[in-house]
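The file coords-v3.csv comes next; it holds CSV, C-alpha atoms and all ligand atoms.
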chain,number,residue,atom,x,y,z
A,1,MET,CA,-69.6,-36.1,-55.5
A,2,ILE,CA,-71.8,-37.7,-52.8
A,3,PHE,CA,-74.5,-35.5,-51.4
A,4,ILE,CA,-75.2,-36.4,-47.8
A,5,LYS,CA,-78.8,-35.6,-46.7
A,6,ASN,CA,-79.7,-34.1,-43.4
A,7,PRO,CA,-82.8,-35.4,-41.5
A,8,GLU,CA,-85.0,-32.7,-43.0
A,9,GLN,CA,-83.9,-33.6,-46.5
A,10,ILE,CA,-84.6,-37.3,-45.8
A,11,LYS,CA,-88.0,-36.3,-44.6
A,12,LYS,CA,-88.6,-34.7,-48.0
A,13,MET,CA,-87.3,-37.7,-49.7
A,14,GLN,CA,-89.8,-39.8,-47.8
A,15,ILE,CA,-92.6,-38.0,-49.6
A,16,ALA,CA,-91.1,-38.7,-53.0
A,17,GLY,CA,-90.4,-42.2,-51.9
A,18,ARG,CA,-93.9,-42.9,-50.7
A,19,ILE,CA,-95.5,-41.6,-53.9
A,20,THR,CA,-93.0,-43.8,-55.9
A,21,GLY,CA,-93.9,-46.8,-53.8
A,22,GLU,CA,-97.6,-46.2,-54.1
A,23,ALA,CA,-97.5,-45.9,-57.9
A,24,LEU,CA,-95.5,-49.1,-58.1
A,25,ALA,CA,-97.9,-50.9,-55.9
A,26,LEU,CA,-100.9,-49.7,-57.9
A,27,ALA,CA,-99.3,-50.9,-61.1
A,28,GLY,CA,-98.4,-54.2,-59.5
A,29,GLU,CA,-102.1,-54.7,-58.5
A,30,ALA,CA,-103.2,-54.0,-62.0
A,31,VAL,CA,-100.8,-56.7,-63.5
A,32,ARG,CA,-103.0,-59.3,-65.3
A,33,ASP,CA,-103.2,-61.3,-68.4
A,34,GLY,CA,-104.3,-59.1,-71.3
A,35,ILE,CA,-103.2,-55.7,-70.0
A,36,SER,CA,-100.8,-53.6,-72.0
A,37,THR,CA,-97.7,-52.0,-70.6
A,38,ALA,CA,-99.0,-48.6,-71.7
A,39,GLU,CA,-102.0,-49.1,-69.4
A,40,LEU,CA,-99.7,-49.8,-66.5
A,41,ASP,CA,-97.7,-46.8,-67.4
A,42,LYS,CA,-100.8,-44.7,-67.3
A,43,ILE,CA,-101.8,-45.9,-63.9
A,44,ILE,CA,-98.3,-44.9,-62.6
A,45,ARG,CA,-98.4,-41.5,-64.3
A,46,ASN,CA,-101.9,-40.7,-63.0
A,47,HIS,CA,-101.0,-41.5,-59.4
A,48,ILE,CA,-97.8,-39.6,-59.5
A,49,GLU,CA,-99.4,-36.5,-61.0
A,50,LYS,CA,-102.5,-36.7,-58.7
A,51,CYS,CA,-100.0,-36.4,-55.8
A,52,GLY,CA,-98.5,-33.3,-57.4
A,53,ALA,CA,-95.3,-35.0,-58.3
A,54,LYS,CA,-93.6,-35.6,-61.7
A,55,PRO,CA,-92.7,-39.0,-63.1
A,56,SER,CA,-88.8,-39.0,-62.8
A,57,PHE,CA,-88.3,-41.1,-65.9
A,58,LEU,CA,-90.6,-39.2,-68.3
A,59,GLY,CA,-88.3,-37.4,-70.7
A,60,TYR,CA,-85.2,-38.6,-68.8
A,61,GLY,CA,-82.6,-38.8,-71.6
A,62,GLY,CA,-85.6,-38.7,-73.9
A,63,PHE,CA,-87.3,-41.7,-72.4
A,64,PRO,CA,-90.9,-41.7,-73.6
A,65,GLY,CA,-92.7,-43.4,-70.7
A,66,SER,CA,-93.4,-42.6,-67.0
A,67,ALA,CA,-92.1,-46.1,-66.0
A,68,CYS,CA,-89.7,-48.7,-67.4
A,69,ILE,CA,-91.7,-51.9,-68.0
A,70,SER,CA,-89.7,-54.9,-69.0
A,71,ILE,CA,-91.0,-58.4,-69.7
A,72,ASN,CA,-89.3,-61.8,-69.2
A,73,ASP,CA,-85.8,-61.7,-70.8
A,74,GLU,CA,-86.0,-57.9,-70.9
A,75,VAL,CA,-83.8,-56.7,-68.0
A,76,ILE,CA,-84.5,-53.0,-67.7
A,77,HIS,CA,-85.6,-49.9,-69.6
A,78,GLY,CA,-88.5,-51.4,-71.5
A,79,ILE,CA,-90.6,-48.8,-73.2
A,80,PRO,CA,-94.4,-48.9,-72.3
A,81,SER,CA,-96.5,-49.6,-75.3
A,82,LYS,CA,-100.1,-50.4,-76.3
A,83,LYS,CA,-98.7,-53.2,-78.3
A,84,ARG,CA,-96.9,-54.9,-75.4
A,85,ILE,CA,-99.6,-57.2,-73.9
A,86,LEU,CA,-98.9,-59.2,-70.7
A,87,HIS,CA,-99.7,-62.9,-70.9
A,88,GLU,CA,-100.2,-65.5,-68.2
A,89,GLY,CA,-96.9,-67.0,-67.3
A,90,ASP,CA,-94.9,-63.8,-68.0
A,91,ILE,CA,-92.9,-61.9,-65.4
A,92,VAL,CA,-92.9,-58.2,-65.6
A,93,LYS,CA,-90.5,-55.7,-64.1
A,94,ILE,CA,-91.8,-52.3,-63.3
A,95,ASP,CA,-89.4,-49.5,-62.4
A,96,VAL,CA,-90.8,-46.2,-61.2
A,97,GLY,CA,-89.5,-42.8,-60.0
A,98,ALA,CA,-91.4,-39.7,-58.7
A,99,PHE,CA,-90.0,-36.2,-58.2
A,100,ILE,CA,-91.5,-33.8,-55.7
A,101,GLY,CA,-90.1,-31.2,-53.3
A,102,GLY,CA,-86.8,-31.2,-55.1
A,103,TYR,CA,-86.1,-35.0,-54.6
A,104,HIS,CA,-86.6,-38.2,-56.4
A,105,GLY,CA,-87.7,-41.7,-55.3
A,106,ASP,CA,-86.7,-44.8,-57.3
A,107,SER,CA,-88.1,-48.3,-56.9
A,108,ALA,CA,-88.7,-51.4,-58.9
A,109,ASN,CA,-90.3,-54.8,-58.5
A,110,THR,CA,-91.0,-58.0,-60.5
A,111,PHE,CA,-94.5,-59.3,-60.7
A,112,PRO,CA,-95.8,-62.6,-62.0
A,113,VAL,CA,-98.6,-62.5,-64.5
A,114,GLY,CA,-101.2,-65.0,-63.3
A,115,LYS,CA,-99.6,-68.4,-62.7
A,116,VAL,CA,-95.9,-68.6,-63.6
A,117,SER,CA,-93.3,-71.3,-63.5
A,118,ASP,CA,-91.7,-72.4,-60.3
A,119,GLU,CA,-88.3,-71.3,-61.8
A,120,ALA,CA,-89.7,-67.8,-62.4
A,121,LEU,CA,-91.0,-67.6,-58.8
A,122,ARG,CA,-87.7,-68.8,-57.4
A,123,LEU,CA,-85.8,-66.2,-59.4
A,124,ILE,CA,-88.2,-63.4,-58.2
A,125,GLU,CA,-87.8,-64.5,-54.6
A,126,ALA,CA,-84.0,-64.8,-54.8
A,127,THR,CA,-83.8,-61.3,-56.3
A,128,ARG,CA,-85.8,-59.8,-53.4
A,129,LYS,CA,-83.8,-61.8,-50.9
A,130,SER,CA,-80.5,-60.6,-52.4
A,131,PHE,CA,-81.8,-57.0,-52.0
A,132,GLU,CA,-82.4,-57.6,-48.3
A,133,LEU,CA,-78.9,-59.0,-47.9
A,134,GLY,CA,-77.6,-55.9,-49.6
A,135,VAL,CA,-79.5,-53.7,-47.2
A,136,ALA,CA,-78.2,-55.6,-44.2
A,137,ALA,CA,-74.7,-55.2,-45.5
A,138,ALA,CA,-75.2,-51.5,-46.0
A,139,GLU,CA,-76.4,-50.7,-42.5
A,140,LYS,CA,-73.5,-52.5,-40.8
A,141,GLU,CA,-71.3,-50.0,-38.9
A,142,GLY,CA,-68.3,-49.1,-41.0
A,143,ALA,CA,-69.6,-50.8,-44.2
A,144,ARG,CA,-68.3,-49.9,-47.6
A,145,ILE,CA,-70.1,-50.0,-51.0
A,146,GLY,CA,-68.2,-53.2,-51.9
A,147,ASP,CA,-69.9,-55.0,-49.0
A,148,ILE,CA,-73.3,-54.4,-50.6
A,149,GLY,CA,-72.4,-55.9,-53.9
A,150,PHE,CA,-70.5,-58.8,-52.3
A,151,ALA,CA,-73.5,-59.7,-50.2
A,152,ILE,CA,-75.8,-59.6,-53.2
A,153,ASP,CA,-73.5,-61.4,-55.6
A,154,SER,CA,-72.6,-64.1,-53.2
A,155,TYR,CA,-76.2,-65.1,-52.6
A,156,VAL,CA,-77.2,-64.8,-56.2
A,157,SER,CA,-74.3,-67.0,-57.3
A,158,GLU,CA,-75.1,-69.5,-54.6
A,159,MET,CA,-78.6,-69.7,-56.1
A,160,GLY,CA,-77.1,-70.4,-59.5
A,161,TYR,CA,-78.0,-67.0,-61.0
A,162,SER,CA,-75.9,-64.1,-62.2
A,163,VAL,CA,-76.0,-60.4,-61.3
A,164,VAL,CA,-76.0,-57.9,-64.2
A,165,ARG,CA,-72.7,-56.0,-64.1
A,166,LYS,CA,-73.3,-53.4,-66.8
A,167,TYR,CA,-76.0,-51.6,-64.9
A,168,VAL,CA,-75.7,-50.7,-61.2
A,169,GLY,CA,-77.5,-49.0,-58.3
A,170,HIS,CA,-76.7,-45.4,-57.5
A,171,GLY,CA,-77.1,-42.5,-55.1
A,172,VAL,CA,-80.5,-40.8,-55.2
A,173,GLY,CA,-81.4,-37.2,-54.3
A,174,ALA,CA,-82.0,-34.0,-56.2
A,175,GLU,CA,-80.9,-36.0,-59.2
A,176,LEU,CA,-82.3,-39.4,-60.0
A,177,HIS,CA,-78.8,-40.8,-60.4
A,178,GLU,CA,-76.1,-39.5,-58.1
A,179,ASP,CA,-72.8,-40.8,-56.8
A,180,PRO,CA,-71.9,-43.3,-55.6
A,181,SER,CA,-72.4,-46.2,-58.0
A,182,VAL,CA,-73.7,-49.2,-56.2
A,183,PRO,CA,-72.8,-52.3,-58.1
A,184,ASN,CA,-74.4,-55.6,-57.4
A,185,TYR,CA,-71.0,-57.2,-57.2
A,186,GLY,CA,-68.0,-56.2,-55.2
A,187,THR,CA,-65.1,-56.9,-52.8
A,188,PRO,CA,-65.8,-56.7,-49.1
A,189,GLY,CA,-64.2,-53.8,-47.3
A,190,ARG,CA,-63.6,-51.9,-50.6
A,191,GLY,CA,-65.1,-48.8,-52.1
A,192,THR,CA,-66.6,-45.7,-50.5
A,193,ARG,CA,-67.5,-45.9,-46.8
A,194,ILE,CA,-71.2,-45.8,-46.2
A,195,THR,CA,-72.1,-43.0,-43.8
A,196,LYS,CA,-75.3,-41.7,-42.2
A,197,GLY,CA,-77.2,-39.4,-44.6
A,198,MET,CA,-76.3,-41.4,-47.7
A,199,VAL,CA,-79.3,-42.3,-49.8
A,200,ILE,CA,-78.8,-45.0,-52.4
A,201,ALA,CA,-80.9,-47.1,-54.7
A,202,ILE,CA,-80.0,-50.7,-54.0
A,203,GLU,CA,-81.2,-52.6,-57.0
A,204,PRO,CA,-80.2,-56.2,-57.9
A,205,MET,CA,-80.9,-57.1,-61.5
A,206,VAL,CA,-80.6,-60.9,-61.5
A,207,ASN,CA,-80.4,-63.1,-64.6
A,208,ALA,CA,-81.4,-66.7,-64.6
A,209,GLY,CA,-78.5,-67.5,-66.9
A,210,VAL,CA,-75.4,-65.5,-67.9
A,211,TYR,CA,-74.8,-62.0,-66.6
A,212,GLY,CA,-74.3,-60.5,-70.1
A,213,VAL,CA,-76.9,-58.2,-71.6
A,214,LYS,CA,-77.6,-56.7,-75.0
A,215,GLU,CA,-79.2,-53.4,-76.0
A,216,MET,CA,-82.1,-53.4,-78.4
A,217,PRO,CA,-82.3,-51.2,-81.5
A,218,ASP,CA,-85.0,-49.1,-79.8
A,219,GLY,CA,-82.0,-47.5,-77.9
A,220,TRP,CA,-83.5,-48.4,-74.5
A,221,THR,CA,-84.6,-51.9,-73.9
A,222,VAL,CA,-81.9,-54.1,-72.4
A,223,LYS,CA,-82.3,-57.9,-72.7
A,224,THR,CA,-80.4,-60.9,-71.3
A,225,ALA,CA,-77.7,-62.1,-73.8
A,226,ASP,CA,-78.9,-65.7,-73.6
A,227,GLY,CA,-82.7,-65.0,-73.7
A,228,LYS,CA,-83.3,-66.3,-70.2
A,229,LEU,CA,-85.4,-64.6,-67.6
A,230,SER,CA,-84.3,-61.6,-65.5
A,231,ALA,CA,-85.7,-60.1,-62.3
A,232,HIS,CA,-85.3,-56.7,-60.6
A,233,TYR,CA,-85.9,-55.4,-57.2
A,234,GLU,CA,-85.2,-51.9,-56.0
A,235,HIS,CA,-85.8,-49.5,-53.1
A,236,THR,CA,-84.4,-46.0,-52.3
A,237,VAL,CA,-82.6,-46.6,-49.1
A,238,ALA,CA,-81.6,-43.9,-46.6
A,239,ILE,CA,-78.8,-44.7,-44.1
A,240,THR,CA,-79.9,-43.2,-40.8
A,241,GLU,CA,-79.0,-43.3,-37.1
A,242,ASN,CA,-81.6,-46.0,-36.8
A,243,GLY,CA,-80.2,-48.1,-39.6
A,244,ALA,CA,-81.5,-48.4,-43.2
A,245,LEU,CA,-84.8,-46.7,-44.0
A,246,LEU,CA,-86.6,-48.0,-47.1
A,247,LEU,CA,-88.0,-44.7,-48.4
A,248,THR,CA,-90.0,-46.3,-51.2
A,249,LYS,CA,-91.5,-49.1,-49.2
A,250,VAL,CA,-95.2,-48.8,-48.7
A,251,ASN,CA,-97.3,-51.2,-46.5
B,301,MG,MG,-85.3,-47.7,-60.7
B,302,MG,MG,-82.4,-47.0,-59.8
Before anything else, please render the file you have as structure tokens.
Amino acid sequence: MIFIKNPEQIKKMQIAGRITGEALALAGEAVRDGISTAELDKIIRNHIEKCGAKPSFLGYGGFPGSACISINDEVIHGIPSKKRILHEGDIVKIDVGAFIGGYHGDSANTFPVGKVSDEALRLIEATRKSFELGVAAAEKEGARIGDIGFAIDSYVSEMGYSVVRKYVGHGVGAELHEDPSVPNYGTPGRGTRITKGMVIAIEPMVNAGVYGVKEMPDGWTVKTADGKLSAHYEHTVAITENGALLLTKVN
């Protein structure tokens, strides 16, 4: 069931979104050679709690961290750890959620650690660009969910990359994951019609190689099947009278 949000509810979601975006930005600024993913997680948790919110991911399905932090060929759901140290040349995906006033925010970004390869930068940039194309498709009058995935997948394929198919975007609201599912692939004109008041996480997960992924024995971490790099970019997006509003975008 899709929960349509009224303007007042979207205003509340803007608060959750802003805190989410700020926490992600702070962690992104702290990314450097030698820092552990546990330290990044702490920065995120501290900011969210300082704002009177709760980290959405902490305890979600038993997840032990406040953020998912995934390095290089790890796609999503990496568990923060003191033992996971970032090194120059790595790329790191940080995925954050904050819950306040009855609503969640959900946002992710991929950060280079120091100087990274041109291929890695190209992948990061293409992932962000595919997100923007997904948003543009979503805010078109009469658009359907399939239009978002089609826009994302078409561009990603054109760049020679693959979208992850096993994990998808989703509605966001009082629950972190609500209907509808928002795949990063799709058929134009198919799927649920996108209407004003829908709030969805658009989140391309883009692999440099094959789309396949594998789950690690820790029960959480998801890696690319071929060991190649993966990038992730996500905002919580509200569809409003004035087009798409990125609730988790700060600055
Ligand atoms: Mg997320
Ligand atoms: Mg999400």
* Residues within 6 Å of ligand MG 301 (chain B) (all atoms listed in the file), as number ranges by chain? -> A: 95-96, 106-108
Would you save the residues from that selection as a PDB file, keeping the file's coordinate frame, using C-alpha atoms?
ATOM      1  CA  ASP A  95     -89.400 -49.500 -62.400  1.00  0.00           C
ATOM      2  CA  VAL A  96     -90.800 -46.200 -61.200  1.00  0.00           C
ATOM      3  CA  ASP A 106     -86.700 -44.800 -57.300  1.00  0.00           C
ATOM      4  CA  SER A 107     -88.100 -48.300 -56.900  1.00  0.00           C
ATOM      5  CA  ALA A 108     -88.700 -51.400 -58.900  1.00  0.00           C
TER       6      ALA A 108
END
Using only C-alpha atoms and all ligand atoms, what table do you get, as a tab-separated table, when you list each residue of chain A with an atom no more than 8 Å from ligand MG 302 (chain B), its nearest pair of atoms, and their distance in Å rounded to one decimal, rows by chain then rising number?
residue	atom	partner	partner_atom	distance
A:Asp95	CA	B:MG302	MG	7.9
A:Asp106	CA	B:MG302	MG	5.4
A:Ser107	CA	B:MG302	MG	6.5
A:Ala108	CA	B:MG302	MG	7.7
A:Val168	CA	B:MG302	MG	7.8
A:Gly169	CA	B:MG302	MG	5.5
A:His170	CA	B:MG302	MG	6.4
A:Val172	CA	B:MG302	MG	8.0
A:Leu176	CA	B:MG302	MG	7.6
A:His177	CA	B:MG302	MG	7.2
A:Ala201	CA	B:MG302	MG	5.3
A:Ile202	CA	B:MG302	MG	7.3
A:Glu203	CA	B:MG302	MG	6.4
A:Glu234	CA	B:MG302	MG	6.8
A:His235	CA	B:MG302	MG	7.9
A:Thr236	CA	B:MG302	MG	7.8
* To do: Using all atoms listed in the file, determine which residues lie at most 8 Å from Ile152 in chain A, disregarding the query and same-chain residues fewer than 5 positions distant; provide the list as a VMD selection string.
  => chain A and resid 130 to 131 133 to 134 184 to 185 204
What would the file look like if the residues just selected were written as a PDB file, in the coordinates of the input with C-alpha atoms?
ATOM      1  CA  SER A 130     -80.500 -60.600 -52.400  1.00  0.00           C
ATOM      2  CA  PHE A 131     -81.800 -57.000 -52.000  1.00  0.00           C
ATOM      3  CA  LEU A 133     -78.900 -59.000 -47.900  1.00  0.00           C
ATOM      4  CA  GLY A 134     -77.600 -55.900 -49.600  1.00  0.00           C
ATOM      5  CA  ASN A 184     -74.400 -55.600 -57.400  1.00  0.00           C
ATOM      6  CA  TYR A 185     -71.000 -57.200 -57.200  1.00  0.00           C
ATOM      7  CA  PRO A 204     -80.200 -56.200 -57.900  1.00  0.00           C
TER       8      PRO A 204
END
* To do: Identify which of the residues A:Ile44, A:Cys51, A:Ala27, A:Met159 lies closest to Gly101 in chain A, counting all atoms listed in the file when measuring atom-to-atom distances.
  =>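 Counting all atoms listed in the file, the residue closest to Gly101 in chain A is A:Cys51.
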* Proximity to Gly62 in chain A - best of A:Asp218, A:Asp179, A:Glu119, A:Glu241, all atoms listed in the file -> A:Asp218
* Nearest candidate to His104 in chain A (options A:Ala16, A:Val206, A:Ile239, A:Cys68; using all atoms listed in the file) ->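 Closest candidate: A:Ala16.
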Determine, using all atoms listed in the file, which residues of range 132-164 of chain A have any atom at most 12 Å from an atom of range 223-230 of chain A, and tabulate each with its shortest atom pair and distance in Å to one decimal place, rows ordered by chain and then rising number, as a tab-separated table.
residue	atom	partner	partner_atom	distance
A:Tyr161	CA	A:Ser230	CA	9.4
A:Ser162	CA	A:Ser230	CA	9.4
A:Val163	CA	A:Ser230	CA	9.4
A:Val164	CA	A:Thr224	CA	8.9
Return as a Markdown table the residues of range 118-181 of chain A lying at most 9 Å from range 90-93 of chain A, together with the closest atom-to-atom pair for each and the distance in Å to one decimal, counting all atoms listed in the file, with rows in chain order and ascending residue number.
| residue | atom | partner | partner_atom | distance |
| --- | --- | --- | --- | --- |
| A:Ala120 | CA | A:Ile91 | CA | 7.4 |
| A:Leu121 | CA | A:Ile91 | CA | 8.9 |
| A:Ile124 | CA | A:Ile91 | CA | 8.7 |
I need the residues from that last selection saved to file as an mmCIF file, in the frame of the given file (with C-alpha atoms), if you can.
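Saved file selection.cif follows:
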data_model
loop_
_atom_site.group_PDB
_atom_site.id
_atom_site.type_symbol
_atom_site.label_atom_id
_atom_site.label_comp_id
_atom_site.auth_asym_id
_atom_site.auth_seq_id
_atom_site.Cartn_x
_atom_site.Cartn_y
_atom_site.Cartn_z
ATOM 1 C CA ALA A 120 -89.700 -67.800 -62.400
ATOM 2 C CA LEU A 121 -91.000 -67.600 -58.800
ATOM 3 C CA ILE A 124 -88.200 -63.400 -58.200
#
* Asked: Which is closer to Gly212 in chain A than all the others in A:Tyr167, A:Gly97, A:Gly114, A:His77, using all atoms listed in the file?
  ->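 Among A:Tyr167, A:Gly97, A:Gly114, A:His77, it is A:Tyr167 that comes nearest to Gly212 in chain A.
Between CA of Lys140 in chain A and CA of Asn242 in chain A the interatomic distance comes to 11.1 Å.
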* Fewer than 5 positions away in the same chain doesn't count, so skip those; otherwise give me all residues within 8 Å of Ala98 in chain A, counting all atoms listed in the file, as a ChimeraX atom specification. => /A:16-17,19-20,48,53-57,104-106
* Using CA of Leu86 in chain A and CA of Pro217 in chain A as the two end points, give the distance in Å to one decimal. => 21.4 Å
* Could you tell me which of A:Ile94, A:Thr248, A:Ile4, A:Ile148 comes closest to Ile43 in chain A if we count only C-alpha atoms? => A:Ile94
* Structure fact -> The residue from A:Gly186, A:Asp147, A:Gly89, A:Ala238 with the smallest atom-to-atom distance to Ser117 in chain A, counting only C-alpha atoms, is A:Gly89
* Between CA of Gly243 in chain A and CA of His47 in chain A, what is the distance, to one decimal in Å? ->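 Straight-line distance from CA of Gly243 in chain A to CA of His47 in chain A works out to 29.5 Å.
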* Asked: Residues at most 9 Å from Ile145 in chain A, counting all atoms listed in the file, excluding those fewer than 5 positions away in the same chain, as a VMD selection string?
  -> chain A and resid 137 to 138 150 180 to 183 186 to 194
* Compile the contact shell of Ala38 in chain A as a PyMOL selection string: residues with an atom at most 10 Å away, counting only C-alpha atoms, same-chain residues fewer than 4 positions apart removed. => chain A and resi 42-44+65-67+69+79-85
